[in-house]
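Dropping structure-v8.txt in here (compact mmCIF, C-alpha atoms):
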# COMPACT_ATOMS: atom_id res chain seq x y z
CA MET A 7 0.00 0.00 0.00
CA THR A 8 1.38 3.35 -0.98
CA THR A 9 -1.05 5.90 0.39
CA THR A 10 -3.42 6.41 3.29
CA ASP A 11 -6.22 6.23 0.73
CA ASP A 12 -5.19 2.69 -0.09
CA TYR A 13 -5.06 1.89 3.61
CA ALA A 14 -8.66 3.04 4.13
CA LEU A 15 -9.84 1.13 1.08
CA PHE A 16 -8.02 -2.01 2.24
CA GLU A 17 -9.63 -1.80 5.68
CA PHE A 18 -13.03 -1.14 4.10
CA LEU A 19 -12.69 -4.18 1.85
CA LEU A 20 -11.62 -6.37 4.77
CA ARG A 21 -14.72 -5.31 6.66
CA GLN A 22 -16.93 -6.37 3.78
CA GLY A 23 -15.05 -9.58 3.12
CA ASP A 24 -14.65 -10.62 6.75
CA ASN A 25 -18.34 -10.12 7.52
CA ALA A 26 -19.17 -12.45 4.64
CA LEU A 27 -16.41 -14.92 5.52
CA VAL A 28 -17.16 -15.24 9.22
CA LEU A 29 -20.93 -15.50 8.81
CA GLY A 30 -20.39 -17.85 5.88
CA HIS A 31 -18.25 -20.13 7.99
CA ARG A 32 -20.65 -20.05 10.93
CA THR A 33 -23.51 -20.89 8.58
CA SER A 34 -21.55 -23.74 7.02
CA GLU A 35 -21.30 -25.33 10.48
CA TRP A 36 -24.95 -26.35 9.97
CA CYS A 37 -24.06 -28.48 6.98
CA GLY A 38 -25.38 -31.99 7.60
CA VAL A 39 -26.95 -31.16 10.96
CA GLY A 40 -29.73 -28.75 9.93
CA PRO A 41 -33.12 -29.20 11.64
CA VAL A 42 -34.69 -30.59 8.44
CA LEU A 43 -33.21 -31.50 5.08
CA GLU A 44 -34.77 -28.49 3.34
CA GLU A 45 -33.31 -26.00 5.84
CA ASP A 46 -29.98 -27.79 5.80
CA ILE A 47 -29.64 -27.25 2.06
CA ALA A 48 -30.92 -23.68 2.28
CA LEU A 49 -28.31 -22.91 4.95
CA ALA A 50 -25.57 -24.51 2.86
CA ASN A 51 -26.65 -22.38 -0.11
CA THR A 52 -26.52 -19.25 2.04
CA ALA A 53 -23.06 -20.19 3.30
CA LEU A 54 -21.85 -20.72 -0.26
CA ASP A 55 -23.27 -17.36 -1.36
CA LEU A 56 -21.38 -15.68 1.47
CA ILE A 57 -18.12 -17.50 0.76
CA GLY A 58 -18.48 -16.50 -2.90
CA GLN A 59 -18.87 -12.87 -1.87
CA THR A 60 -15.85 -13.24 0.40
CA GLN A 61 -13.69 -14.31 -2.52
CA LEU A 62 -14.59 -11.17 -4.45
CA TRP A 63 -14.03 -8.75 -1.56
CA LEU A 64 -10.82 -10.31 -0.29
CA ALA A 65 -9.32 -10.74 -3.75
CA PHE A 66 -9.79 -7.02 -4.29
CA ALA A 67 -8.42 -6.29 -0.80
CA GLY A 68 -5.29 -8.27 -1.60
CA GLU A 69 -4.74 -6.31 -4.82
CA VAL A 70 -5.18 -2.99 -3.05
CA GLU A 71 -2.76 -4.08 -0.34
CA GLY A 72 -0.20 -4.87 -3.01
CA LYS A 73 1.79 -7.44 -1.03
CA GLY A 74 0.89 -10.36 -3.23
CA ARG A 75 -1.70 -11.83 -0.87
CA ASP A 76 -4.74 -13.37 -2.52
CA ALA A 77 -8.18 -14.12 -1.04
CA ASN A 78 -7.03 -17.48 0.35
CA ASP A 79 -4.01 -15.94 2.06
CA LEU A 80 -6.20 -13.34 3.71
CA ALA A 81 -8.81 -15.89 4.78
CA TYR A 82 -6.49 -18.59 6.09
CA PHE A 83 -3.33 -16.88 7.24
CA ARG A 84 -4.53 -13.97 9.30
CA ASP A 85 -4.96 -14.17 13.08
CA PRO A 86 -8.08 -13.09 14.99
CA TYR A 87 -6.92 -9.52 15.65
CA ASP A 88 -6.47 -8.98 11.90
CA PHE A 89 -10.12 -9.73 11.21
CA ARG A 90 -12.54 -6.87 10.65
CA ASN A 91 -15.95 -8.53 10.94
CA VAL A 92 -18.54 -7.25 13.40
CA LEU A 93 -18.70 -9.24 16.64
CA MET A 94 -22.26 -10.45 16.14
CA LEU A 95 -21.22 -12.64 13.23
CA GLU A 96 -18.52 -14.56 15.09
CA LEU A 97 -20.72 -15.60 18.02
CA PRO A 98 -21.49 -19.33 18.14
CA ASN A 99 -24.63 -20.54 16.37
CA GLU A 100 -26.11 -21.94 19.61
CA ASP A 101 -29.38 -23.05 18.01
CA PHE A 102 -31.46 -22.55 14.86
CA ALA A 103 -33.25 -19.60 16.48
CA ARG A 104 -30.08 -17.63 17.13
CA THR A 105 -28.69 -18.57 13.73
CA MET A 106 -31.73 -17.25 11.89
CA MET A 107 -32.19 -14.17 14.08
CA ARG A 108 -28.57 -13.19 13.48
CA GLN A 109 -28.94 -13.85 9.76
CA PHE A 110 -31.99 -11.62 9.72
CA LEU A 111 -30.38 -8.75 11.67
CA PHE A 112 -27.42 -8.89 9.28
CA ASP A 113 -29.49 -9.28 6.09
CA ALA A 114 -31.64 -6.30 7.07
CA PHE A 115 -28.45 -4.23 7.09
CA GLN A 116 -26.85 -5.87 4.09
CA VAL A 117 -29.69 -5.23 1.63
CA PRO A 118 -29.81 -1.40 1.92
CA TRP A 119 -26.04 -1.31 2.39
CA LEU A 120 -25.19 -3.26 -0.76
CA ASP A 121 -27.87 -1.35 -2.61
CA ALA A 122 -26.06 1.89 -1.69
CA LEU A 123 -22.72 0.40 -2.73
CA THR A 124 -24.00 -0.29 -6.24
CA THR A 125 -23.48 3.43 -6.97
CA SER A 126 -19.95 3.46 -5.55
CA SER A 127 -17.37 5.67 -7.26
CA GLU A 128 -15.12 2.60 -7.20
CA GLN A 129 -16.42 0.48 -10.07
CA ARG A 130 -15.24 -2.80 -8.66
CA VAL A 131 -17.04 -2.17 -5.37
CA ALA A 132 -20.20 -1.37 -7.32
CA ASP A 133 -19.87 -4.60 -9.32
CA ILE A 134 -19.36 -6.82 -6.28
CA ALA A 135 -22.27 -5.11 -4.53
CA ALA A 136 -24.59 -5.61 -7.50
CA LYS A 137 -23.84 -9.32 -7.60
CA SER A 138 -24.11 -9.76 -3.83
CA LEU A 139 -27.31 -7.74 -3.54
CA LYS A 140 -29.37 -10.33 -5.41
CA GLU A 141 -28.23 -12.99 -2.99
CA ALA A 142 -28.76 -10.76 0.05
CA LYS A 143 -32.34 -10.00 -0.99
CA TYR A 144 -33.14 -13.68 -1.09
CA HIS A 145 -31.39 -14.25 2.24
CA LEU A 146 -33.45 -11.47 3.80
CA GLU A 147 -36.75 -12.83 2.48
CA ARG A 148 -35.92 -16.20 3.89
CA SER A 149 -34.54 -15.10 7.25
CA ALA A 150 -37.34 -12.58 7.88
CA GLU A 151 -39.97 -15.22 7.10
CA THR A 152 -38.29 -17.65 9.46
CA VAL A 153 -38.12 -15.08 12.25
CA VAL A 154 -41.85 -14.45 11.85
CA ALA A 155 -42.74 -18.14 11.57
CA LEU A 156 -40.79 -19.08 14.69
CA GLY A 157 -41.58 -15.95 16.68
CA ASP A 158 -45.28 -16.38 15.95
CA GLY A 159 -45.08 -20.17 16.24
CA THR A 160 -45.22 -22.36 19.31
CA GLU A 161 -44.47 -21.40 22.88
CA GLU A 162 -41.04 -22.97 22.58
CA SER A 163 -40.13 -21.41 19.24
CA ASN A 164 -41.24 -18.00 20.50
CA ALA A 165 -39.16 -18.39 23.67
CA ARG A 166 -36.11 -19.40 21.66
CA MET A 167 -36.48 -16.45 19.31
CA ARG A 168 -36.90 -14.12 22.27
CA ASN A 169 -33.73 -15.47 23.85
CA ALA A 170 -31.88 -15.17 20.56
CA LEU A 171 -33.01 -11.57 20.10
CA GLU A 172 -32.08 -10.57 23.63
CA PHE A 173 -28.70 -12.23 23.31
CA LEU A 174 -27.86 -10.70 19.94
CA TRP A 175 -29.29 -7.24 20.45
CA PRO A 176 -26.28 -5.79 22.32
CA TYR A 177 -24.15 -6.76 19.31
CA ALA A 178 -26.45 -5.54 16.53
CA GLY A 179 -25.50 -1.85 16.65
CA GLU A 180 -21.78 -2.25 15.96
CA ILE A 181 -22.39 -2.44 12.23
CA PHE A 182 -23.53 1.22 12.26
CA SER A 183 -20.61 2.60 14.26
CA ASP A 184 -18.86 4.97 11.86
CA ASP A 185 -15.19 5.72 12.34
CA GLU A 186 -12.46 7.63 10.49
CA ILE A 187 -12.08 4.87 7.89
CA ASP A 188 -15.78 5.12 7.04
CA GLU A 189 -15.45 8.89 6.82
CA SER A 190 -12.48 8.68 4.51
CA ILE A 191 -14.30 6.15 2.30
CA ASN A 192 -17.40 8.32 2.35
CA ARG A 193 -15.48 11.43 1.29
CA LYS A 194 -14.36 9.61 -1.83
CA ARG A 195 -17.91 8.41 -2.47
CA ILE A 196 -16.84 4.80 -2.34
CA ALA A 197 -19.54 4.11 0.24
CA PRO A 198 -21.96 6.05 2.42
CA LEU A 199 -21.53 6.03 6.19
CA PRO A 200 -22.88 2.78 7.65
CA SER A 201 -25.06 4.83 10.01
CA SER A 202 -26.93 6.19 6.98
CA VAL A 203 -28.78 2.91 6.47
CA ARG A 204 -29.86 2.65 10.09
CA ASP A 205 -33.30 4.14 9.48
CA VAL A 206 -34.11 1.58 6.81
CA TRP A 207 -32.77 -1.15 9.07
CA ASN A 208 -34.93 0.09 11.95
CA ARG A 209 -38.06 0.01 9.84
CA VAL A 210 -37.48 -3.52 8.55
CA VAL A 211 -36.48 -4.83 11.97
CA ASP A 212 -39.41 -3.19 13.78
CA GLN A 213 -41.93 -4.47 11.27
CA THR A 214 -40.55 -8.00 11.27
CA LEU A 215 -40.26 -8.22 15.04
CA SER A 216 -43.80 -6.96 15.42
CA ASP A 217 -45.05 -9.57 12.89
CA ALA A 218 -43.10 -12.14 14.87
CA MET A 219 -44.74 -11.19 18.19
CA LEU A 220 -41.36 -10.17 19.56
CA SER A 221 -40.58 -6.90 21.32
CA ARG A 222 -37.59 -4.90 20.33
CA PRO A 223 -35.22 -4.57 23.30
CA GLU A 224 -35.00 -1.05 24.72
CA SER A 225 -31.27 -0.60 25.07
CA ASP A 226 -29.15 0.85 22.30
CA PHE A 227 -25.92 -0.24 23.97
CA SER A 228 -23.61 -2.07 21.62
CA HIS A 229 -20.42 -4.05 22.03
CA LYS A 230 -17.71 -2.90 19.67
CA GLY A 231 -14.25 -3.93 18.59
CA GLY A 232 -14.83 -6.32 15.72
CA ARG A 233 -14.83 -4.04 12.70
CA THR A 234 -11.79 -2.16 14.04
CA GLY A 235 -10.08 -5.37 15.16
CA PHE A 236 -9.54 -3.78 18.57
CA ARG A 237 -11.17 -6.56 20.55
CA HIS A 238 -12.83 -9.66 19.17
CA THR A 239 -14.75 -12.10 21.33
CA GLU A 240 -13.04 -15.27 22.50
CA HIS A 241 -15.12 -17.19 19.98
CA LEU A 242 -13.35 -15.97 16.86
CA GLY A 243 -10.06 -17.69 17.67
CA HIS A 244 -11.77 -21.03 18.15
CA MET A 245 -13.69 -20.62 14.93
CA LEU A 246 -10.57 -19.71 12.98
CA ALA A 247 -8.69 -22.66 14.45
CA THR A 248 -11.24 -24.95 12.83
CA MET A 249 -11.52 -22.94 9.65
CA GLN A 250 -7.80 -22.46 9.07
CA VAL A 251 -6.26 -25.69 10.35
CA LEU A 252 -6.04 -27.40 6.98
CA GLN A 253 -4.30 -24.53 5.20
CA ARG A 254 -2.01 -23.92 8.16
CA SER A 255 -1.01 -27.60 8.34
CA HIS A 256 -0.72 -28.01 4.57
CA PRO A 257 -0.10 -24.55 3.13
CA GLY A 258 -1.34 -24.20 -0.42
CA ALA A 259 -3.29 -27.47 -0.36
CA THR A 260 -5.92 -27.64 -3.08
CA TRP A 261 -8.37 -30.18 -4.39
CA MET B 4 -42.31 -37.66 15.98
CA LYS B 5 -46.09 -37.35 15.82
CA SER B 6 -47.35 -37.16 12.26
CA SER B 7 -49.45 -34.06 13.05
CA ARG B 8 -46.24 -32.14 13.72
CA GLU B 9 -44.69 -33.02 10.38
CA TRP B 10 -44.83 -30.49 7.57
CA PRO B 11 -46.99 -31.64 4.65
CA LEU B 12 -45.37 -33.17 1.60
CA TRP B 13 -45.24 -31.12 -1.62
CA GLU B 14 -44.61 -32.32 -5.15
CA ILE B 15 -42.29 -30.05 -7.09
CA PHE B 16 -42.50 -29.22 -10.79
CA ILE B 17 -39.82 -27.19 -12.51
CA ARG B 18 -39.64 -25.64 -15.94
CA GLY B 19 -36.10 -25.68 -17.21
CA GLN B 20 -34.12 -22.92 -18.84
CA HIS B 21 -34.78 -24.32 -22.29
CA GLY B 22 -38.55 -23.95 -22.19
CA MET B 23 -40.84 -26.96 -22.58
CA SER B 24 -43.31 -27.81 -19.85
CA HIS B 25 -42.97 -28.12 -16.10
CA ARG B 26 -41.50 -31.46 -15.14
CA HIS B 27 -41.89 -33.34 -11.88
CA VAL B 28 -38.51 -33.32 -10.16
CA GLY B 29 -39.25 -34.68 -6.70
CA SER B 30 -40.88 -33.81 -3.42
CA LEU B 31 -40.08 -32.08 -0.16
CA HIS B 32 -41.64 -30.96 3.10
CA ALA B 33 -42.72 -27.39 3.87
CA PRO B 34 -45.24 -25.67 6.15
CA ASP B 35 -47.02 -23.84 3.32
CA ALA B 36 -46.97 -23.24 -0.43
CA GLU B 37 -44.76 -20.18 -0.38
CA ARG B 38 -42.19 -21.88 1.76
CA ALA B 39 -42.40 -24.95 -0.48
CA ILE B 40 -41.41 -22.75 -3.44
CA LYS B 41 -38.47 -21.37 -1.50
CA ASN B 42 -37.39 -24.82 -0.41
CA ALA B 43 -37.73 -26.04 -3.99
CA ARG B 44 -35.57 -23.15 -5.12
CA ASP B 45 -32.89 -24.22 -2.65
CA VAL B 46 -33.17 -27.97 -3.12
CA TYR B 47 -33.84 -28.31 -6.85
CA THR B 48 -32.56 -25.21 -8.68
CA ARG B 49 -29.16 -24.65 -7.10
CA ARG B 50 -27.42 -25.70 -10.30
CA ASN B 51 -29.39 -23.33 -12.45
CA GLU B 52 -32.00 -25.91 -13.47
CA GLY B 53 -35.10 -23.78 -13.47
CA VAL B 54 -36.91 -20.64 -14.47
CA SER B 55 -40.28 -21.47 -12.99
CA ILE B 56 -41.48 -23.56 -10.06
CA TRP B 57 -44.87 -25.12 -9.38
CA VAL B 58 -45.67 -26.78 -6.09
CA VAL B 59 -48.71 -28.83 -5.21
CA GLU B 60 -49.48 -30.54 -1.94
CA ALA B 61 -49.07 -34.25 -2.51
CA GLN B 62 -52.43 -35.07 -0.93
CA ASN B 63 -54.16 -33.01 -3.63
CA ILE B 64 -52.87 -35.22 -6.41
CA SER B 65 -55.23 -37.98 -7.48
CA ALA B 66 -53.41 -40.90 -9.04
CA SER B 67 -54.61 -43.78 -11.15
CA SER B 68 -54.62 -47.10 -9.39
CA PRO B 69 -52.03 -49.69 -10.45
CA SER B 70 -54.69 -52.42 -10.23
CA ASP B 71 -56.68 -50.68 -12.98
CA LYS B 72 -53.73 -51.00 -15.34
CA GLY B 73 -55.44 -53.53 -17.58
CA PRO B 74 -58.68 -51.71 -18.39
CA LEU B 75 -56.98 -48.29 -18.45
CA TYR B 76 -54.01 -48.92 -20.69
CA ASP B 77 -54.22 -52.26 -22.46
CA PRO B 78 -56.92 -51.21 -24.96
CA ALA B 79 -54.51 -48.63 -26.45
CA ARG B 80 -51.80 -51.18 -27.07
CA ASP B 81 -52.98 -52.63 -30.37
CA LYS B 82 -54.15 -49.37 -31.91
CA VAL B 83 -50.98 -48.45 -33.76
CA TYR B 84 -52.95 -46.22 -36.11
CA ARG B 85 -53.24 -43.69 -33.29
CA HIS B 86 -49.51 -43.01 -33.49
CA PRO B 87 -48.39 -40.34 -35.94
CA THR B 88 -45.77 -42.66 -37.37
CA PHE B 89 -47.21 -43.13 -40.84
CA TYR B 90 -45.80 -39.97 -42.35
CA ASP B 91 -42.41 -38.24 -42.33
CA ILE B 92 -41.90 -35.09 -40.25
CA PRO B 93 -39.70 -32.52 -42.02
CA ASP B 94 -36.53 -31.67 -40.11
CA GLU B 95 -37.44 -27.97 -40.07
CA VAL B 96 -40.33 -28.70 -37.72
CA GLY B 97 -37.87 -29.43 -34.96
CA LYS B 98 -38.71 -31.13 -31.69
CA MET B 99 -42.35 -32.10 -31.28
Final structure tokens representation of the file:
Amino acid sequence: MTTTDDYALFEFLLRQGDNALVLGHRTSEWCGVGPVLEEDIALANTALDLIGQTQLWLAFAGEVEGKGRDANDLAYFRDPYDFRNVLMLELPNEDFARTMMRQFLFDAFQVPWLDALTTSSEQRVADIAAKSLKEAKYHLERSAETVVALGDGTEESNARMRNALEFLWPYAGEIFSDDEIDESINRKRIAPLPSSVRDVWNRVVDQTLSDAMLSRPESDFSHKGGRTGFRHTEHLGHMLATMQVLQRSHPGATW
Amino acid sequence: MKSSREWPLWEIFIRGQHGMSHRHVGSLHAPDAERAIKNARDVYTRRNEGVSIWVVEAQNISASSPSDKGPLYDPARDKVYRHPTFYDIPDEVGKM
């Protein structure tokens, strides 16, 4: 990287790519153990969509960095503190309720966010966003429907969704926490500030939670530290150990 | 698992990229028709197989009984004149 501009763009691209990578890996953990065959395949499809998006973001990040690292290098040979995903996405799946609630809270951000990125001044960002947006829209339809079906389902499914929402809520706000990297990216019209899509997110979340017979938690407190890399949860290291072990043991292995 | 808690079974019909009619591709479980379409999208079109999906609840399909095979189908067997095989179809007509 030669300039501070490149540094901001690199960080921005890592944030996009790492969100997709970490959620994609978490989602892939359901493969073969989904609650029913149909959901198992749907989750695997979602995971593959996200890993596909990761490849595009991280490949671009590697080029901007200019040190010869490709998407695989960035995914498999960075340590937890080098990751730039929001904390919510690295938390363990726990159960289907938490998995789908998290997917929904993320999708509800991702759709207006990617939509805004399609007009980026950086053509490659716009192209990746346009491709990812179609997938994100489908993910959102599916996750929102599931939140409603389970929230407005049985006593147990409602209780599980309530627990999931209360657990995840203190992590949901991090995605909107603008910092100087976002401001630098915004000045160059590469992306708007993340906080600018919060109103849309609020509307979709409020409507869906109300359809799901769930109450939105009051507090706006949010844990932070993922998207800056300042402090990840203890869960990321364990996840990466599983995700990276093959490449770390057999660097460059392919099939 | 009690059967009342199982999602109903849906039969899935998909029209492929290349046109033609919807074809039965299999079945799956889903709580309702809309969800059945989504599940079908995920289970049966992940390799770009379809442009249109029909779903129908399996219990709504009436099927002919195998024991009626004789009266239903045998009478057509010796009526070769019902087949359009007695004239040549020009190549330009394409697939019929």
> Once you count all atoms listed in the file, which residues of chain B turn out to be within 7 Å of chain A? Could you give them as JSON, numbers by chain?
Replying inline: {"B": [42, 45, 46]}
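One distance worth recording is that between CA of Val28 in chain B and CA of Ser68 in chain B, which is 21.2 Å.
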> So how many Å separate CA of Met23 in chain B and CA of Asn51 in chain B, to one decimal?
Replying inline: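 Between these atoms lies a distance of 15.7 Å.
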Centre and edge lengths, as AutoDock Vina command-line options, for the axis-aligned box enclosing every listed atom of range 163-182 of chain A with 5 Å of padding on each of the six sides, in Å to one decimal?
--center_x -31.5 --center_y -10.1 --center_z 18.0 --size_x 29.5 --size_y 32.6 --size_z 21.6
> Near Gln59 in chain A, counting all atoms listed in the file, which residues have an atom at most 12 Å away, once you skip same-chain residues fewer than 5 positions from it, shown as a PyMOL selection string?
Replying inline: chain A and resi 19-20+22-30+52-54+64-66+77+120+131+133-142
> Excluding same-chain residues fewer than 2 positions from Val58 in chain B, what lies within 12 Å of it counting all atoms listed in the file, as a PyMOL selection string?
Replying inline: chain B and resi 11-18+25-33+35-44+47+55-56+60-64
> Expressed in Å to a single decimal, how great is the separation between CA of Ser228 in chain A and CA of Gly179 in chain A?
Replying inline: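 Interatomic distance, CA of Ser228 in chain A to CA of Gly179 in chain A: 5.3 Å.
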>> Distance cut-off 10 Å, centre (-20.1, 4.4, -3.8) in file coordinates, counting only C-alpha atoms: which residues qualify? Return them as a list in words.
In response: Leu120, Asp121, Ala122, Leu123, Thr124, Thr125, Ser126, Ser127, Glu128, Gln129, Arg130, Val131, Ala132, Ala135, Ile191, Asn192, Arg193, Lys194, Arg195, Ile196, Ala197 and Pro198 of chain A
Same residues, C-alpha atoms, saved as a PDB file, in the frame of the given file:
ATOM      1  CA  LEU A 120     -25.190  -3.260  -0.760  1.00  0.00           C
ATOM      2  CA  ASP A 121     -27.870  -1.350  -2.610  1.00  0.00           C
ATOM      3  CA  ALA A 122     -26.060   1.890  -1.690  1.00  0.00           C
ATOM      4  CA  LEU A 123     -22.720   0.400  -2.730  1.00  0.00           C
ATOM      5  CA  THR A 124     -24.000  -0.290  -6.240  1.00  0.00           C
ATOM      6  CA  THR A 125     -23.480   3.430  -6.970  1.00  0.00           C
ATOM      7  CA  SER A 126     -19.950   3.460  -5.550  1.00  0.00           C
ATOM      8  CA  SER A 127     -17.370   5.670  -7.260  1.00  0.00           C
ATOM      9  CA  GLU A 128     -15.120   2.600  -7.200  1.00  0.00           C
ATOM     10  CA  GLN A 129     -16.420   0.480 -10.070  1.00  0.00           C
ATOM     11  CA  ARG A 130     -15.240  -2.800  -8.660  1.00  0.00           C
ATOM     12  CA  VAL A 131     -17.040  -2.170  -5.370  1.00  0.00           C
ATOM     13  CA  ALA A 132     -20.200  -1.370  -7.320  1.00  0.00           C
ATOM     14  CA  ALA A 135     -22.270  -5.110  -4.530  1.00  0.00           C
ATOM     15  CA  ILE A 191     -14.300   6.150   2.300  1.00  0.00           C
ATOM     16  CA  ASN A 192     -17.400   8.320   2.350  1.00  0.00           C
ATOM     17  CA  ARG A 193     -15.480  11.430   1.290  1.00  0.00           C
ATOM     18  CA  LYS A 194     -14.360   9.610  -1.830  1.00  0.00           C
ATOM     19  CA  ARG A 195     -17.910   8.410  -2.470  1.00  0.00           C
ATOM     20  CA  ILE A 196     -16.840   4.800  -2.340  1.00  0.00           C
ATOM     21  CA  ALA A 197     -19.540   4.110   0.240  1.00  0.00           C
ATOM     22  CA  PRO A 198     -21.960   6.050   2.420  1.00  0.00           C
TER      23      PRO A 198
END
>> Which residues are near Pro41 in chain A? Cut-off 10 Å, all atoms listed in the file, ignore same chain within fewer than 5 positions. Put them as a list in words.
In response: Trp36, Asp46, Asp101 and Phe102 of chain A
> So which residues touch range 82-97 of chain A within 6 Å, counting only C-alpha atoms, skipping near sequence neighbours fewer than 4 positions away, as a PyMOL selection string?
Replying inline: chain A and resi 20-21+24-25+29+78+177+232-235+242-243+250
> Looking at all atoms listed in the file, which of A:Ser201, A:Ser216, A:Ser149, A:Thr60 is the one that sits closest to Leu80 in chain A?
Replying inline: A:Thr60
>> Could you check which residues have any atom within 7 Å of (-33.7, -15.5, 18.9), counting only C-alpha atoms with coordinates taken straight from the file, and then list them as JSON, numbers by chain?
In response: {"A": [103, 104, 107, 166, 167, 168, 169, 170, 171]}
>> When you count only C-alpha atoms, which of these residues is closest to Leu174 in chain A: A:Met249, A:Val154, A:Ala218, A:Leu111?
In response: A:Leu111
